[in-house]
Amino acid sequence: MGDASPTYVYYTVAPLDLPIVVTERGNLESQLETKVCCEVESSSYDRSSSQGTLILFIVPNGSAVEQGDLLVELDSAALRDRLDNELQIFDRAVSQRIQAQATYANQITENQTNQAQSELRVELAKLKSEMYMDSDNGTFKLALEDIERQLDESKNLILESQAALELEKTEKSGIEALFKLGYRGKSDLEQSRFRFMQAEDKLASSMNRLSTYQATRKQLEDYEYRMQKLQLEGDVSTAVQNLAQIKISNEALLAKTEAAKIEAEKTEQKQKEKLAKLNEQLSLCKIQAPHDGMVVYARENSRYSSNSNIAEGVAVRERQEIITLPDLSQMQVKTQIHEAVLDQIHADLPVTVKIDAFPNRTYNAVVHSVAVVPTSSYLTSVKTYDCLIRIQERVENLKPGMTAVVDIHVDRLRGVLSIPVQAVAQVKKESWCYVHSEEGVERRLIKLGRSNDKFVQVLEGLSAGDRVILNTDAIFDEADKEDTAISPETGAEEAPQVNLSVPEAKKEGEASASPAAQGQPSERPRGKGKQ
């Protein structure tokens, strides 16, 4: 039972490849997981109502389905009734739209006809005015020239009547003389007197005609010309105003019919959109699998229950989740990365995945994403970040929630000196190991580099061929036997030197305090667990 020499376990330092691997545990989940929700709108006008759509058929929970398989069929009777009613309304809207378009086209033609007639009336009124007012060949000029010609004829007829009257007067005088002498009879005398009276009447008639033509010319020049001019100018102005009124009326009528046409077209379009929406809602009553996967019924998000209330005959609301469809052939691992190694992990790093349920199988994977915000927890202050690792190959027999171990291959250092982590001791910022030599056990300070869960790279302090001690606890036990001194300063560090500015005006006799000397306490080295 006496003292015995401690037995050490050695490791010979040699240049080897050091793989930098971060190992974490996580859970399996599907890469492609689709949430199937009820997209059929509630038949109630009150969105807050609990009324929903009944499930007529749903595939059993846990069933494996293929793309295109029927998952859920919802009750569509109410939608079909609404669709029939909307079809009748749509037919009426189409009829009204056709009628409104025909009325609009007819109004365009009618407006063009009315405007053309008004423009024609304006042109005719202008031409009629120009025809009457033309100084060369106008209606007034021709009428005036006709009266002047008739006046000339009347004057000539007067001269002829006067000449004829003189002849008749001379002949009557001659006959009267011959009658007195007895050479003519009484009948000859009467005839000569009658012809004389006819000549007088003809002369009077010619004089009256001349007076009448003169009065007609004066009336034409003084009154009829002015009256006709005012009438023709008024006709032109009236025709122009009528044309402007026709244009305004045409625009108003056309705008009215166009508004009716647009309203009918919008009504038809709105009804068409309603029909399309109802047809879409009708198609949404049958939900088909978007891809291959396993059916998982949605569960209640309740603190009192985690059971699923999805079944045939149950009413589901709009946007309520019915089924979750994970694709089990494409899986990924969701794990947590400690903040100490977060800077080493990035997307596209190769990963080896092992599943606890299948320990003899490994899967090739890759880092897909690393969260930028840590996961919050009330139980610990350690910061971890969500990391998704996607398995590259298609898998079989893997289920969501299985435990997986991931080895993230960060780097591989070629031909470096490394020692096992249990051979390293650290106190504060110093690291050392114990090396066996011919003189005995030597404590040697070392500078460490990168590490994994088993080995750590040594940058300075060791050489190839050195033998380091792995069981450092035996050395620590010997040190504890020797270092048994107890003092108030044990474990306390020496106070740092601080330069304090001293005021210029210092009282005489006041002495500056010198820092007390403090001894360096002996410390027990602690074993290194993991770099």
# chains A, B, ... in the order shown; residues from 1 in each chain; ligands from 1

call {"tool": "select_by_dssp", "arguments": {"residues": "region 168-414 of chain A", "states": "alpha helix (DSSP H)", "output": "number ranges by chain"}}
result
A: 168-181, 186-219, 225-284

call {"tool": "residues_around", "arguments": {"residues": "region 135-145 of chain A", "least_positions_apart": "2", "cutoff": "10 Å", "atoms": "only C-alpha atoms", "output": "list in words"}}
result
Lys128, Ser129, Glu130, Met131, Tyr132, Met133, Ile147, Glu148, Arg149, Gln150, Leu151, Thr216, Arg217, Lys218, Leu220, Glu221, Glu224, Tyr225, Gln228 and Lys229 of chain A

call {"tool": "write_last_selection", "arguments": {"atoms": "N, CA and C atoms", "output": "CSV table (one decimal), in the first residue's frame"}}
result
chain,number,residue,atom,x,y,z
A,128,LYS,N,-79.1,79.1,-102.2
A,128,LYS,CA,-80.3,79.9,-102.5
A,128,LYS,C,-80.0,81.4,-102.3
A,129,SER,N,-79.4,81.7,-101.2
A,129,SER,CA,-79.0,83.1,-100.9
A,129,SER,C,-78.1,83.7,-102.0
A,130,GLU,N,-77.1,82.9,-102.3
A,130,GLU,CA,-76.1,83.3,-103.3
A,130,GLU,C,-76.8,83.5,-104.7
A,131,MET,N,-77.7,82.5,-105.0
A,131,MET,CA,-78.5,82.6,-106.3
A,131,MET,C,-79.3,83.8,-106.4
A,132,TYR,N,-79.9,84.2,-105.3
A,132,TYR,CA,-80.8,85.4,-105.3
A,132,TYR,C,-80.0,86.7,-105.3
A,133,MET,N,-78.8,86.7,-104.6
A,133,MET,CA,-78.0,87.9,-104.5
A,133,MET,C,-77.0,88.1,-105.6
A,147,ILE,N,-88.8,92.9,-115.7
A,147,ILE,CA,-89.7,94.0,-115.5
A,147,ILE,C,-89.3,95.2,-116.4
A,148,GLU,N,-87.9,95.4,-116.5
A,148,GLU,CA,-87.4,96.4,-117.4
A,148,GLU,C,-87.8,96.2,-118.9
A,149,ARG,N,-87.8,94.9,-119.2
A,149,ARG,CA,-88.2,94.5,-120.6
A,149,ARG,C,-89.6,94.7,-120.8
A,150,GLN,N,-90.4,94.4,-119.8
A,150,GLN,CA,-91.9,94.6,-119.9
A,150,GLN,C,-92.2,96.1,-120.0
A,151,LEU,N,-91.4,96.9,-119.2
A,151,LEU,CA,-91.6,98.4,-119.3
A,151,LEU,C,-91.3,98.9,-120.7
A,216,THR,N,-94.4,97.7,-110.0
A,216,THR,CA,-93.8,96.4,-109.6
A,216,THR,C,-92.3,96.5,-109.5
A,217,ARG,N,-91.6,97.3,-110.4
A,217,ARG,CA,-90.2,97.5,-110.3
A,217,ARG,C,-89.8,98.2,-109.0
A,218,LYS,N,-90.6,99.2,-108.6
A,218,LYS,CA,-90.3,99.9,-107.4
A,218,LYS,C,-90.5,99.0,-106.2
A,220,LEU,N,-90.2,95.8,-106.2
A,220,LEU,CA,-89.1,94.8,-106.2
A,220,LEU,C,-87.8,95.4,-105.6
A,221,GLU,N,-87.5,96.6,-106.0
A,221,GLU,CA,-86.3,97.2,-105.6
A,221,GLU,C,-86.3,97.7,-104.2
A,224,GLU,N,-89.3,94.0,-101.8
A,224,GLU,CA,-89.2,92.6,-102.0
A,224,GLU,C,-87.7,92.1,-101.9
A,225,TYR,N,-86.8,92.9,-102.4
A,225,TYR,CA,-85.4,92.6,-102.4
A,225,TYR,C,-84.9,92.5,-100.9
A,228,GLN,N,-86.6,89.5,-99.2
A,228,GLN,CA,-86.1,88.2,-99.6
A,228,GLN,C,-84.6,88.0,-99.1
A,229,LYS,N,-83.9,89.1,-99.0
A,229,LYS,CA,-82.5,89.0,-98.5
A,229,LYS,C,-82.5,88.6,-97.0

call {"tool": "atom_distance", "arguments": {"atom1": "CA of Leu275 (chain A)", "atom2": "CA of Ala93 (chain A)"}}
result
12.4 Å

call {"tool": "closest_residue", "arguments": {"among": "A:Ala311, A:Val353, A:Cys38, A:Ala116", "to": "Ser283 (chain A)", "atoms": "only C-alpha atoms"}}
result
A:Cys38

call {"tool": "select_by_dssp", "arguments": {"residues": "region 20-263 of chain A", "states": "strand (DSSP E)", "output": "count of residues only"}}
result
29

call {"tool": "residues_around", "arguments": {"residues": "region 456-466 of chain A", "least_positions_apart": "5", "cutoff": "9 Å", "atoms": "only C-alpha atoms", "output": "list in words"}}
result
Tyr11, Thr12, Val13, Ala14, Pro15, Leu18, Leu413, Val416, Leu417, Ser418, Ile419, Pro420, Val421, Val424, Trp432, Val435, His436, Ser437, Arg444, Leu445, Ile446, Lys447, Leu448, Gly449, Arg450, Ser451, Lys530 and Gln531 of chain A

call {"tool": "decode", "arguments": {"residues": "region 79-185 of chain A", "atoms": "C-alpha atoms", "output": "short mmCIF file (atom, residue, chain, number, x, y, z; two decimals), in the first residue's frame"}}
result
data_model
loop_
_atom_site.label_atom_id
_atom_site.label_comp_id
_atom_site.auth_asym_id
_atom_site.auth_seq_id
_atom_site.Cartn_x
_atom_site.Cartn_y
_atom_site.Cartn_z
CA LEU A 79 -71.97 25.82 -55.25
CA ARG A 80 -73.85 24.00 -58.03
CA ASP A 81 -77.10 25.78 -57.08
CA ARG A 82 -75.36 29.14 -57.15
CA LEU A 83 -73.78 28.25 -60.49
CA ASP A 84 -77.19 27.50 -62.05
CA ASN A 85 -78.58 30.86 -60.86
CA GLU A 86 -75.55 32.76 -62.11
CA LEU A 87 -75.85 31.07 -65.53
CA GLN A 88 -79.36 32.47 -65.96
CA ILE A 89 -78.21 35.92 -64.92
CA PHE A 90 -75.29 35.64 -67.33
CA ASP A 91 -77.60 34.78 -70.24
CA ARG A 92 -79.67 37.91 -69.53
CA ALA A 93 -76.53 39.98 -69.33
CA VAL A 94 -75.38 38.67 -72.73
CA SER A 95 -78.77 39.58 -74.26
CA GLN A 96 -78.63 43.08 -72.80
CA ARG A 97 -75.09 43.53 -74.05
CA ILE A 98 -76.03 42.51 -77.62
CA GLN A 99 -79.02 44.87 -77.57
CA ALA A 100 -76.94 47.73 -76.20
CA GLN A 101 -74.26 47.21 -78.85
CA ALA A 102 -76.92 47.19 -81.64
CA THR A 103 -78.49 50.38 -80.23
CA TYR A 104 -75.08 52.02 -80.13
CA ALA A 105 -74.34 51.06 -83.75
CA ASN A 106 -77.78 52.32 -84.88
CA GLN A 107 -77.24 55.58 -83.04
CA ILE A 108 -73.97 56.10 -84.88
CA THR A 109 -75.71 55.60 -88.26
CA GLU A 110 -78.63 57.84 -87.26
CA ASN A 111 -76.26 60.57 -86.10
CA GLN A 112 -74.39 60.44 -89.37
CA THR A 113 -77.67 60.69 -91.35
CA ASN A 114 -79.01 63.60 -89.30
CA GLN A 115 -75.77 65.49 -89.54
CA ALA A 116 -75.55 64.93 -93.30
CA GLN A 117 -79.12 66.23 -93.76
CA SER A 118 -78.40 69.30 -91.64
CA GLU A 119 -75.21 70.02 -93.55
CA LEU A 120 -77.18 69.67 -96.81
CA ARG A 121 -79.77 72.16 -95.60
CA VAL A 122 -77.03 74.61 -94.72
CA GLU A 123 -75.48 74.31 -98.16
CA LEU A 124 -78.87 74.66 -99.90
CA ALA A 125 -79.68 77.77 -97.87
CA LYS A 126 -76.33 79.30 -98.75
CA LEU A 127 -76.74 78.45 -102.44
CA LYS A 128 -80.28 79.87 -102.49
CA SER A 129 -79.04 83.10 -100.92
CA GLU A 130 -76.13 83.33 -103.33
CA MET A 131 -78.47 82.59 -106.28
CA TYR A 132 -80.80 85.41 -105.30
CA MET A 133 -78.04 87.92 -104.46
CA ASP A 134 -75.83 87.28 -107.49
CA SER A 135 -75.33 90.62 -109.23
CA ASP A 136 -74.87 89.05 -112.66
CA ASN A 137 -77.26 86.13 -112.94
CA GLY A 138 -79.14 86.18 -109.65
CA THR A 139 -82.87 85.71 -109.26
CA PHE A 140 -83.32 89.36 -108.29
CA LYS A 141 -81.30 90.55 -111.25
CA LEU A 142 -83.29 88.40 -113.69
CA ALA A 143 -86.61 89.53 -112.21
CA LEU A 144 -85.54 93.16 -112.47
CA GLU A 145 -84.42 92.74 -116.06
CA ASP A 146 -87.75 91.04 -116.90
CA ILE A 147 -89.69 94.02 -115.52
CA GLU A 148 -87.45 96.45 -117.42
CA ARG A 149 -88.15 94.51 -120.59
CA GLN A 150 -91.87 94.60 -119.93
CA LEU A 151 -91.63 98.35 -119.29
CA ASP A 152 -89.97 98.80 -122.66
CA GLU A 153 -92.66 96.74 -124.32
CA SER A 154 -95.32 98.80 -122.58
CA LYS A 155 -93.75 102.01 -123.80
CA ASN A 156 -93.59 100.67 -127.33
CA LEU A 157 -97.20 99.54 -127.11
CA ILE A 158 -98.20 103.06 -125.97
CA LEU A 159 -96.50 104.57 -128.98
CA GLU A 160 -98.26 102.08 -131.25
CA SER A 161 -101.58 102.82 -129.54
CA GLN A 162 -101.06 106.55 -129.92
CA ALA A 163 -100.27 106.15 -133.64
CA ALA A 164 -103.26 103.87 -134.13
CA LEU A 165 -105.45 106.39 -132.30
CA GLU A 166 -104.32 109.22 -134.59
CA LEU A 167 -105.08 107.10 -137.65
CA GLU A 168 -108.49 106.18 -136.33
CA LYS A 169 -109.13 109.82 -135.46
CA THR A 170 -108.23 110.94 -139.01
CA GLU A 171 -110.28 108.14 -140.56
CA LYS A 172 -113.25 109.00 -138.32
CA SER A 173 -113.01 112.67 -139.37
CA GLY A 174 -112.93 111.69 -143.04
CA ILE A 175 -115.93 109.43 -142.77
CA GLU A 176 -117.89 112.06 -140.92
CA ALA A 177 -117.16 114.50 -143.75
CA LEU A 178 -118.17 111.99 -146.38
CA PHE A 179 -121.31 111.16 -144.35
CA LYS A 180 -122.30 114.81 -144.46
CA LEU A 181 -121.80 114.83 -148.24
CA GLY A 182 -123.82 111.62 -148.51
CA TYR A 183 -121.07 109.43 -149.80
CA ARG A 184 -121.01 107.19 -146.68
CA GLY A 185 -123.73 105.58 -144.73
#
